[in-house]
$ cat target-v9.tsv   # TSV, C-alpha atoms
chain	number	residue	atom	x	y	z
A	123	MET	CA	0.00	0.00	0.00
A	124	MET	CA	1.39	3.43	-0.99
A	125	LYS	CA	2.67	5.73	1.75
A	126	SER	CA	0.73	8.94	2.03
A	127	SER	CA	3.65	11.11	3.13
A	128	VAL	CA	7.04	11.96	1.67
A	129	SER	CA	10.14	11.48	3.78
A	130	GLN	CA	12.39	14.39	4.50
A	131	GLY	CA	14.81	15.19	1.68
A	132	GLN	CA	12.86	13.14	-0.85
A	133	SER	CA	11.11	14.92	-3.74
A	134	PRO	CA	7.41	14.20	-4.38
A	135	ILE	CA	8.16	12.80	-7.82
A	136	ASP	CA	10.77	10.37	-6.43
A	137	SER	CA	8.28	9.25	-3.79
A	138	HIS	CA	5.61	8.81	-6.44
A	139	HIS	CA	7.73	6.71	-8.74
A	140	ARG	CA	9.16	4.59	-5.94
A	141	ASN	CA	5.69	3.84	-4.62
A	142	LEU	CA	4.54	2.80	-8.06
A	143	GLU	CA	7.71	0.81	-8.54
A	144	GLY	CA	6.84	-1.20	-5.47
A	145	THR	CA	3.92	-2.65	-7.39
A	146	THR	CA	6.33	-4.15	-9.92
A	147	GLU	CA	8.82	-5.79	-7.58
A	148	GLY	CA	11.00	-8.19	-9.51
A	149	HIS	CA	10.65	-6.23	-12.76
A	150	SER	CA	13.76	-6.29	-14.94
A	151	TRP	CA	14.71	-5.34	-18.49
A	152	GLY	CA	13.77	-8.66	-19.95
A	153	HIS	CA	11.10	-10.13	-17.65
A	154	GLU	CA	8.56	-9.20	-15.00
A	155	ARG	CA	7.29	-11.47	-12.26
A	156	GLY	CA	4.56	-13.68	-13.70
A	157	ARG	CA	5.85	-12.94	-17.24
A	158	ASP	CA	2.73	-10.83	-17.89
A	159	HIS	CA	4.61	-8.38	-20.09
A	160	ALA	CA	7.20	-8.69	-22.82
A	161	TRP	CA	9.22	-5.49	-22.34
A	162	GLY	CA	12.49	-5.93	-24.15
A	163	GLU	CA	11.14	-8.36	-26.70
A	164	GLY	CA	13.30	-8.30	-29.83
A	165	LEU	CA	16.25	-6.66	-28.04
A	166	GLY	CA	18.41	-9.80	-28.25
A	167	ASP	CA	20.14	-11.79	-25.57
A	168	PRO	CA	20.28	-9.86	-22.24
A	169	ALA	CA	23.65	-11.45	-21.49
A	170	GLN	CA	25.05	-9.87	-24.63
A	171	THR	CA	23.39	-6.56	-23.84
A	172	TRP	CA	24.63	-6.25	-20.27
A	173	GLY	CA	27.72	-8.48	-20.33
A	174	THR	CA	26.55	-10.60	-17.36
A	175	ALA	CA	25.58	-14.20	-16.86
A	176	TRP	CA	21.88	-15.06	-17.03
A	177	ASP	CA	20.10	-18.32	-16.42
A	178	GLY	CA	17.26	-19.72	-18.47
A	179	SER	CA	14.60	-17.96	-16.38
A	180	GLY	CA	16.02	-14.54	-17.16
A	181	GLN	CA	17.65	-14.01	-13.73
A	182	CYS	CA	21.23	-12.83	-13.32
A	183	THR	CA	23.45	-15.64	-11.92
A	184	ASP	CA	26.29	-13.29	-11.02
A	185	SER	CA	25.60	-12.29	-7.40
A	186	SER	CA	28.16	-9.48	-7.54
A	187	CYS	CA	26.23	-7.42	-10.09
A	188	PRO	CA	23.10	-5.43	-9.20
A	189	ARG	CA	19.96	-6.07	-11.19
A	190	PRO	CA	19.71	-3.38	-13.93
A	191	ARG	CA	16.44	-1.48	-13.63
A	192	LEU	CA	15.57	1.54	-15.75
A	193	LEU	CA	13.10	2.96	-13.26
A	194	ASP	CA	15.82	3.23	-10.59
A	195	LEU	CA	17.25	6.20	-12.49
A	196	PRO	CA	16.04	9.66	-11.39
A	197	TRP	CA	12.90	10.52	-13.31
A	198	GLU	CA	13.09	14.30	-13.45
A	199	ASP	CA	16.86	14.58	-13.84
A	200	VAL	CA	17.58	11.68	-16.22
A	201	LEU	CA	14.66	9.75	-17.67
A	202	LEU	CA	12.36	12.62	-18.64
A	203	PRO	CA	14.85	15.11	-20.13
A	204	HIS	CA	17.43	12.71	-21.55
A	205	VAL	CA	15.66	9.44	-22.38
A	206	LEU	CA	11.94	9.84	-23.01
A	207	SER	CA	12.46	13.11	-24.86
A	208	ARG	CA	14.35	11.13	-27.54
A	209	VAL	CA	11.83	8.31	-27.91
A	210	PRO	CA	9.20	8.69	-30.68
A	211	LEU	CA	5.75	9.37	-29.32
A	212	ARG	CA	4.31	6.26	-30.91
A	213	GLN	CA	6.86	4.08	-29.10
A	214	LEU	CA	6.07	5.75	-25.79
A	215	LEU	CA	2.46	4.67	-26.16
A	216	HIS	CA	3.66	1.07	-26.39
A	217	LEU	CA	6.02	1.56	-23.46
A	218	GLN	CA	3.27	2.62	-21.08
A	219	ARG	CA	1.68	-0.83	-21.43
A	220	VAL	CA	4.62	-2.55	-19.77
A	221	SER	CA	3.64	-1.81	-16.16
A	222	LYS	CA	1.93	0.73	-13.94
A	223	ALA	CA	5.25	2.37	-13.16
A	224	PHE	CA	6.08	2.84	-16.86
A	225	GLN	CA	2.56	4.14	-17.44
A	226	ALA	CA	3.04	6.76	-14.72
A	227	LEU	CA	6.40	7.74	-16.23
A	228	VAL	CA	4.95	8.18	-19.73
A	229	LEU	CA	1.96	10.15	-18.43
A	230	LEU	CA	4.31	12.46	-16.58
A	231	HIS	CA	6.31	12.94	-19.77
A	232	LEU	CA	3.15	13.76	-21.73
A	233	ALA	CA	2.12	16.30	-19.11
A	234	ARG	CA	5.48	18.08	-19.56
A	235	LEU	CA	5.42	18.18	-23.37
A	236	ARG	CA	6.26	21.49	-25.06
A	237	SER	CA	5.41	20.34	-28.59
A	238	PHE	CA	2.75	17.92	-29.83
A	239	ASP	CA	2.14	16.83	-33.42
A	240	SER	CA	-0.66	14.30	-33.85
A	241	ALA	CA	1.03	13.00	-37.02
A	242	GLN	CA	3.73	11.46	-34.78
A	243	VAL	CA	1.08	9.17	-33.30
A	244	GLY	CA	-0.31	8.05	-36.64
A	245	PRO	CA	-2.09	9.22	-39.79
A	246	GLN	CA	-5.47	8.97	-38.06
A	247	VAL	CA	-5.68	9.58	-34.31
A	248	PRO	CA	-8.92	8.48	-32.58
A	249	ARG	CA	-10.76	11.08	-30.53
A	250	ALA	CA	-10.42	9.10	-27.28
A	251	ALA	CA	-6.68	8.67	-27.79
A	252	LEU	CA	-6.11	12.40	-28.26
A	253	GLY	CA	-8.10	13.14	-25.12
A	254	ARG	CA	-5.92	10.82	-23.06
A	255	LEU	CA	-2.66	12.09	-24.55
A	256	LEU	CA	-3.39	15.76	-23.80
A	257	SER	CA	-5.52	15.40	-20.68
A	258	ASP	CA	-2.77	16.71	-18.34
A	259	SER	CA	-0.78	18.95	-20.68
A	260	GLU	CA	-0.48	22.53	-19.47
A	261	GLY	CA	2.80	23.74	-20.96
A	262	LEU	CA	2.44	23.22	-24.70
A	263	GLN	CA	4.05	25.81	-26.95
A	264	GLU	CA	3.46	24.07	-30.29
A	265	LEU	CA	0.35	22.14	-31.27
A	266	CYS	CA	-0.42	20.54	-34.63
A	267	LEU	CA	-3.67	18.59	-35.05
A	268	GLU	CA	-3.87	18.36	-38.82
A	269	SER	CA	-4.12	14.56	-38.76
A	270	CYS	CA	-7.30	14.93	-36.67
A	271	ARG	CA	-9.02	16.94	-39.37
A	272	ASP	CA	-11.75	14.37	-40.02
A	273	TRP	CA	-13.33	14.63	-36.56
A	274	LEU	CA	-11.80	17.50	-34.57
A	275	SER	CA	-14.58	19.75	-33.22
A	276	ASP	CA	-14.81	22.82	-31.00
A	277	GLU	CA	-15.61	20.60	-28.01
A	278	ASP	CA	-12.41	18.60	-28.58
A	279	LEU	CA	-10.12	21.59	-29.12
A	280	GLU	CA	-11.31	24.20	-26.62
A	281	PRO	CA	-10.22	22.39	-23.42
A	282	VAL	CA	-6.72	21.88	-24.84
A	283	LEU	CA	-6.42	25.56	-25.76
A	284	SER	CA	-7.68	26.71	-22.38
A	285	ARG	CA	-5.16	24.57	-20.48
A	286	ASN	CA	-2.19	25.75	-22.58
A	287	PRO	CA	-2.08	29.55	-22.58
A	288	GLY	CA	1.58	29.52	-23.66
A	289	LEU	CA	0.87	28.20	-27.16
A	290	ARG	CA	2.89	30.00	-29.82
A	291	ARG	CA	2.39	27.81	-32.91
A	292	VAL	CA	-0.89	26.12	-33.79
A	293	GLY	CA	-1.64	24.06	-36.90
A	294	LEU	CA	-5.29	23.41	-37.75
A	295	ALA	CA	-5.03	23.05	-41.53
A	296	GLY	CA	-7.95	21.18	-43.03
A	297	CYS	CA	-9.92	20.94	-39.76
A	298	GLY	CA	-13.26	21.66	-41.39
A	299	ARG	CA	-15.46	20.68	-38.43
A	300	LEU	CA	-14.29	23.62	-36.33
A	301	SER	CA	-16.11	26.92	-36.18
A	302	ARG	CA	-15.53	30.54	-35.32
A	303	ARG	CA	-15.95	29.60	-31.65
A	304	ALA	CA	-12.62	27.75	-31.69
A	305	LEU	CA	-10.81	30.86	-32.91
A	306	VAL	CA	-12.44	32.94	-30.17
A	307	THR	CA	-11.15	30.49	-27.55
A	308	LEU	CA	-7.72	30.47	-29.18
A	309	SER	CA	-7.41	34.24	-29.28
A	310	LEU	CA	-8.69	34.69	-25.71
A	311	SER	CA	-6.57	31.93	-24.18
A	312	CYS	CA	-3.28	32.20	-26.11
A	313	ALA	CA	-2.07	35.79	-26.08
A	314	GLN	CA	1.45	34.72	-27.12
A	315	LEU	CA	0.31	33.11	-30.38
A	316	ARG	CA	2.81	33.78	-33.17
A	317	CYS	CA	2.10	31.29	-35.96
A	318	LEU	CA	-1.28	29.92	-37.02
A	319	SER	CA	-2.27	27.69	-39.93
A	320	LEU	CA	-5.94	27.71	-41.00
A	321	ALA	CA	-5.38	26.48	-44.55
A	322	HIS	CA	-8.44	24.95	-46.18
A	323	CYS	CA	-10.71	25.91	-43.27
A	324	ASP	CA	-13.76	27.12	-45.16
A	325	TRP	CA	-15.46	28.27	-41.95
A	326	VAL	CA	-12.98	31.14	-41.45
A	327	ASP	CA	-14.86	34.34	-42.31
A	328	GLY	CA	-14.27	38.04	-41.92
A	329	LEU	CA	-15.65	38.21	-38.39
A	330	ALA	CA	-13.40	35.36	-37.22
A	331	LEU	CA	-10.34	37.03	-38.74
A	332	ARG	CA	-11.18	40.38	-37.14
A	333	GLY	CA	-11.41	38.75	-33.72
A	334	LEU	CA	-8.06	37.08	-34.26
A	335	ALA	CA	-6.48	40.38	-35.30
A	336	ASP	CA	-7.86	42.18	-32.23
A	337	ARG	CA	-6.72	39.65	-29.62
A	338	CYS	CA	-3.40	38.27	-30.90
A	339	PRO	CA	-0.81	41.05	-30.62
A	340	CYS	CA	2.18	38.77	-31.30
A	341	LEU	CA	0.92	37.21	-34.55
A	342	GLU	CA	3.76	36.92	-37.10
A	343	ALA	CA	2.73	34.17	-39.53
A	344	LEU	CA	-0.75	33.27	-40.78
A	345	ASP	CA	-1.78	30.71	-43.39
A	346	LEU	CA	-5.22	31.46	-44.87
A	347	THR	CA	-4.88	29.32	-47.98
A	348	ALA	CA	-8.29	28.53	-49.54
A	349	CYS	CA	-10.24	30.45	-46.87
A	350	ARG	CA	-12.63	31.58	-49.56
A	351	GLN	CA	-15.05	33.47	-47.33
A	352	LEU	CA	-12.48	36.19	-46.69
A	353	ARG	CA	-12.83	39.48	-48.54
A	354	ASP	CA	-10.56	42.48	-49.08
A	355	THR	CA	-11.97	44.35	-46.09
A	356	ALA	CA	-11.19	41.57	-43.58
A	357	VAL	CA	-7.60	41.08	-44.75
A	358	ALA	CA	-7.07	44.85	-44.85
A	359	TYR	CA	-8.24	45.02	-41.23
A	360	LEU	CA	-5.71	42.34	-40.30
A	361	ALA	CA	-2.97	44.37	-41.97
A	362	GLN	CA	-3.96	47.53	-40.14
A	363	ARG	CA	-4.11	45.85	-36.73
A	364	ARG	CA	-1.14	43.44	-36.90
A	365	GLY	CA	0.84	44.53	-39.94
A	366	ALA	CA	3.73	45.97	-37.93
A	367	GLN	CA	5.01	42.50	-36.93
A	368	LEU	CA	3.49	40.32	-39.68
A	369	ARG	CA	6.25	38.41	-41.51
A	370	SER	CA	4.49	35.63	-43.43
A	371	LEU	CA	1.01	35.48	-44.95
A	372	SER	CA	-0.70	33.13	-47.38
A	373	LEU	CA	-3.88	34.19	-49.17
A	374	ALA	CA	-3.56	31.57	-51.90
A	375	VAL	CA	-6.55	30.16	-53.80
A	376	ASN	CA	-8.90	33.01	-52.95
A	377	ALA	CA	-10.46	34.77	-55.91
A	378	ASN	CA	-11.90	37.46	-53.58
A	379	VAL	CA	-8.45	38.90	-52.83
A	380	GLY	CA	-7.56	41.80	-55.11
A	381	ASP	CA	-5.35	44.86	-55.46
A	382	ALA	CA	-6.87	46.62	-52.45
A	383	THR	CA	-5.69	43.84	-50.14
A	384	VAL	CA	-2.16	43.70	-51.53
A	385	GLN	CA	-1.73	47.47	-51.45
A	386	GLU	CA	-2.91	47.64	-47.83
A	387	LEU	CA	-0.51	44.85	-46.90
A	388	ALA	CA	2.31	46.71	-48.61
A	389	ARG	CA	1.63	49.93	-46.68
A	390	CYS	CA	1.04	48.32	-43.27
A	391	CYS	CA	3.51	45.40	-43.25
A	392	PRO	CA	7.09	46.72	-43.55
A	393	GLN	CA	8.48	43.48	-42.02
A	394	LEU	CA	6.73	41.19	-44.52
A	395	GLU	CA	9.09	38.50	-45.83
A	396	HIS	CA	6.83	35.85	-47.43
A	397	LEU	CA	3.59	36.42	-49.33
A	398	ASP	CA	1.61	33.75	-51.19
A	399	LEU	CA	-0.94	35.03	-53.71
A	400	THR	CA	-1.19	31.85	-55.79
A	401	GLY	CA	-4.47	31.75	-57.68
A	402	CYS	CA	-5.59	35.24	-56.58
A	403	LEU	CA	-7.02	36.11	-59.98
A	404	ARG	CA	-7.92	39.73	-59.14
A	405	VAL	CA	-4.37	40.76	-58.24
A	406	ARG	CA	-2.75	42.94	-60.92
A	407	SER	CA	0.60	44.50	-61.70
A	408	ASP	CA	-0.06	47.82	-59.91
A	409	ALA	CA	-0.44	46.05	-56.57
A	410	ILE	CA	2.84	44.18	-57.10
A	411	ARG	CA	4.64	47.46	-57.84
A	412	THR	CA	3.32	48.89	-54.57
A	413	LEU	CA	4.51	45.78	-52.78
A	414	ALA	CA	8.00	46.18	-54.24
A	415	GLU	CA	8.10	49.79	-53.12
A	416	TYR	CA	6.93	49.41	-49.53
A	417	CYS	CA	8.25	45.97	-48.50
A	418	PRO	CA	12.07	46.07	-48.51
A	419	ARG	CA	12.38	42.83	-46.50
A	420	LEU	CA	10.36	40.70	-48.93
A	421	ARG	CA	12.20	37.43	-49.64
A	422	SER	CA	9.64	35.27	-51.46
A	423	LEU	CA	6.52	35.96	-53.52
A	424	ARG	CA	4.10	33.44	-55.01
A	425	VAL	CA	2.01	34.73	-57.92
A	426	ARG	CA	1.47	31.61	-60.04
A	427	HIS	CA	-1.89	31.70	-61.86
A	428	CYS	CA	-2.19	35.45	-61.28
A	429	HIS	CA	-2.72	36.09	-64.97
A	430	ASP	CA	-2.85	39.90	-64.72
A	431	VAL	CA	0.57	40.21	-63.07
A	432	ALA	CA	3.04	41.25	-65.78
A	433	GLU	CA	6.77	40.64	-65.82
A	434	SER	CA	7.41	44.39	-65.74
A	435	SER	CA	6.03	44.55	-62.17
A	436	LEU	CA	8.17	41.60	-61.05
A	437	SER	CA	11.46	42.74	-62.51
A	438	ALA	CA	12.26	45.11	-59.65
A	439	LEU	CA	11.75	42.30	-57.13
A	440	ARG	CA	13.92	39.93	-59.17
A	441	LYS	CA	16.79	42.43	-59.12
A	442	ARG	CA	16.58	42.45	-55.33
A	443	GLY	CA	16.90	38.67	-55.22
A	444	VAL	CA	13.30	37.95	-54.22
A	445	ASP	CA	12.34	34.32	-54.84
A	446	ILE	CA	9.42	34.33	-57.30
A	447	ASP	CA	7.70	31.14	-58.42
A	448	VAL	CA	7.03	32.47	-61.96
A	449	GLU	CA	9.93	32.28	-64.40
A	450	PRO	CA	10.76	35.22	-66.69
A	451	PRO	CA	9.07	35.01	-70.13
A	452	LEU	CA	12.31	34.37	-72.05
A	453	GLN	CA	13.31	31.54	-69.73
A	454	ARG	CA	9.85	30.00	-70.04
A	455	ALA	CA	10.13	30.18	-73.82
A	456	LEU	CA	13.48	28.40	-73.74
A	457	VAL	CA	12.03	25.65	-71.58
A	458	LEU	CA	9.14	25.18	-74.02
A	459	LEU	CA	11.55	25.13	-76.94
A	460	GLN	CA	13.66	22.49	-75.27
A	461	ASP	CA	10.57	20.37	-74.67
A	462	VAL	CA	9.64	20.58	-78.35
A	463	VAL	CA	12.97	20.18	-80.17
A	464	GLY	CA	15.01	18.47	-77.46
A	465	PHE	CA	17.57	21.27	-76.98
A	466	ALA	CA	17.66	25.01	-76.42
A	467	PRO	CA	20.02	27.54	-78.07
A	468	PHE	CA	22.43	29.45	-75.88
A	469	VAL	CA	20.99	32.82	-74.94
A	470	ASN	CA	22.69	35.37	-72.66
A	471	LEU	CA	19.96	36.09	-70.12
A	472	GLN	CA	22.00	38.89	-68.58
A	473	ILE	CA	21.39	41.18	-71.56
$ encode --input "target-v9.tsv" --output "structure tokens"
Amino acid sequence: MMKSSVSQGQSPIDSHHRNLEGTTEGHSWGHERGRDHAWGEGLGDPAQTWGTAWDGSGQCTDSSCPRPRLLDLPWEDVLLPHVLSRVPLRQLLHLQRVSKAFQALVLLHLARLRSFDSAQVGPQVPRAALGRLLSDSEGLQELCLESCRDWLSDEDLEPVLSRNPGLRRVGLAGCGRLSRRALVTLSLSCAQLRCLSLAHCDWVDGLALRGLADRCPCLEALDLTACRQLRDTAVAYLAQRRGAQLRSLSLAVNANVGDATVQELARCCPQLEHLDLTGCLRVRSDAIRTLAEYCPRLRSLRVRHCHDVAESSLSALRKRGVDIDVEPPLQRALVLLQDVVGFAPFVNLQI
């Protein structure tokens, strides 16, 4: 029976793990009393691993050597920061099945996580599994739940956001079952939010974006790819409220975005480094010229399928070394010629 008090000089966590360890007396690397578990299966011969003599029952026959036990190592000082932090999350879920002591160790590790990506668990994470994994987490700084897109709802997400106010990066791309309510909880609970991905979330509208812009003063990167409900006015409001620190923005695959949005971004976002306008059919050359004038830090620009953006508006950005996903007309012509005739003539592109 577990002791209810902690002896003097002994930390609570050491007391906790030693009490739990008492329930697994006789547990070793290869075998546990009763042989109920197969921890260490597939690791090879224990005698070769540890360099000691073992009998057929898995017990060490050398009386001079202590029995090697992983759980005897300090949890907080050794196992958590130096061992479990290097084990893939999927393997930790198998490890917790070994014994009650290992289960307590893994749960403690999960409660101390700073980053969680559901893709590390598997391509499709069940709702119940996610609830157990994040039930005690309170210090997350990065959270990606894109592999939960098929079922993730406001009711599933809101408790996690409320318990982790230190979140800085959140990935919700493709989570189509969420609603504006989830963004309200995110913006109210996570004031330090810096990076947010809402790609392919059709439920994101102008009102949701305005609330995000009002309550997230540290926002630096935002992915709004294929958020087709957004209009020029909503994105312009984002630029006015958070443009001073905005560094990366994707508005790709949104035919509602036009010159007014790009020009407002150019005037309000002097720190902008990455802008994705792929498939924004209403964007024209004048907006790109304004962008080149007002955004000296711009490093990459995506304008593929923006048919009204001419090469003349991109040339100034090319001279500055900006990475543009559309090739110059002459280079495109040479590529087409090579595809047709099998070779391309030498042309000095520096002229």
$ residues_around --input "target-v9.tsv" --residues "Pro418 in chain A" --least-positions-apart "3" --cutoff "9 Å" --atoms "only C-alpha atoms" --output "PyMOL selection string"
chain A and resi 392-395+413-415+421+442
$ atom_distance --input "target-v9.tsv" --atom1 "CA of Gly244 in chain A" --atom2 "CA of Ser269 in chain A"
7.8 Å
$ axis_aligned_box --input "target-v9.tsv" --around "range 372-390 of chain A" --padding-each-side "8 Å" --output "JSON"
{"center_x": -4.8, "center_y": 40.0, "center_z": -49.6, "size_x": 30.2, "size_y": 35.8, "size_z": 28.6}
$ atom_distance --input "target-v9.tsv" --atom1 "CA of Ala358 in chain A" --atom2 "CA of Leu387 in chain A"
6.9 Å
$ atom_distance --input "target-v9.tsv" --atom1 "CA of Leu283 in chain A" --atom2 "CA of Leu315 in chain A"
11.1 Å
$ residues_around --input "target-v9.tsv" --residues "Glu433 in chain A" --least-positions-apart "6" --cutoff "9 Å" --atoms "only C-alpha atoms" --output "number ranges by chain"
A: 407, 450-451
$ closest_residue --input "target-v9.tsv" --among "A:Leu294, A:Leu403, A:Ala321, A:Leu439" --to "Arg426 in chain A" --atoms "all atoms listed in the file"
A:Leu403
$ residues_around --input "target-v9.tsv" --residues "Ala251 in chain A" --least-positions-apart "5" --cutoff "12 Å" --atoms "all atoms listed in the file" --output "PyMOL selection string"
chain A and resi 212+215+240+243-244+246+256-257+270+278
$ residues_around --input "target-v9.tsv" --residues "Ala377 in chain A" --least-positions-apart "2" --cutoff "10 Å" --atoms "all atoms listed in the file" --output "list in words"
Ala348, Arg350, Gln351, Leu352, Arg353, Leu373, Ala374, Val375, Val379, Gly380, Leu399, Thr400, Gly401, Cys402, Leu403, Arg404, Val405 and Cys428 of chain A
$ residues_around --input "target-v9.tsv" --residues "Gly333 in chain A" --least-positions-apart "5" --cutoff "9 Å" --atoms "only C-alpha atoms" --output "list in words"
Leu305, Val306, Ser309, Gly328 and Cys338 of chain A
$ closest_residue --input "target-v9.tsv" --among "A:Leu279, A:Leu346, A:Leu274, A:Leu230" --to "Asp258 in chain A" --atoms "only C-alpha atoms"
A:Leu230
$ closest_residue --input "target-v9.tsv" --among "A:Val357, A:Cys317, A:Leu227, A:Ala295" --to "Leu195 in chain A" --atoms "only C-alpha atoms"
A:Leu227
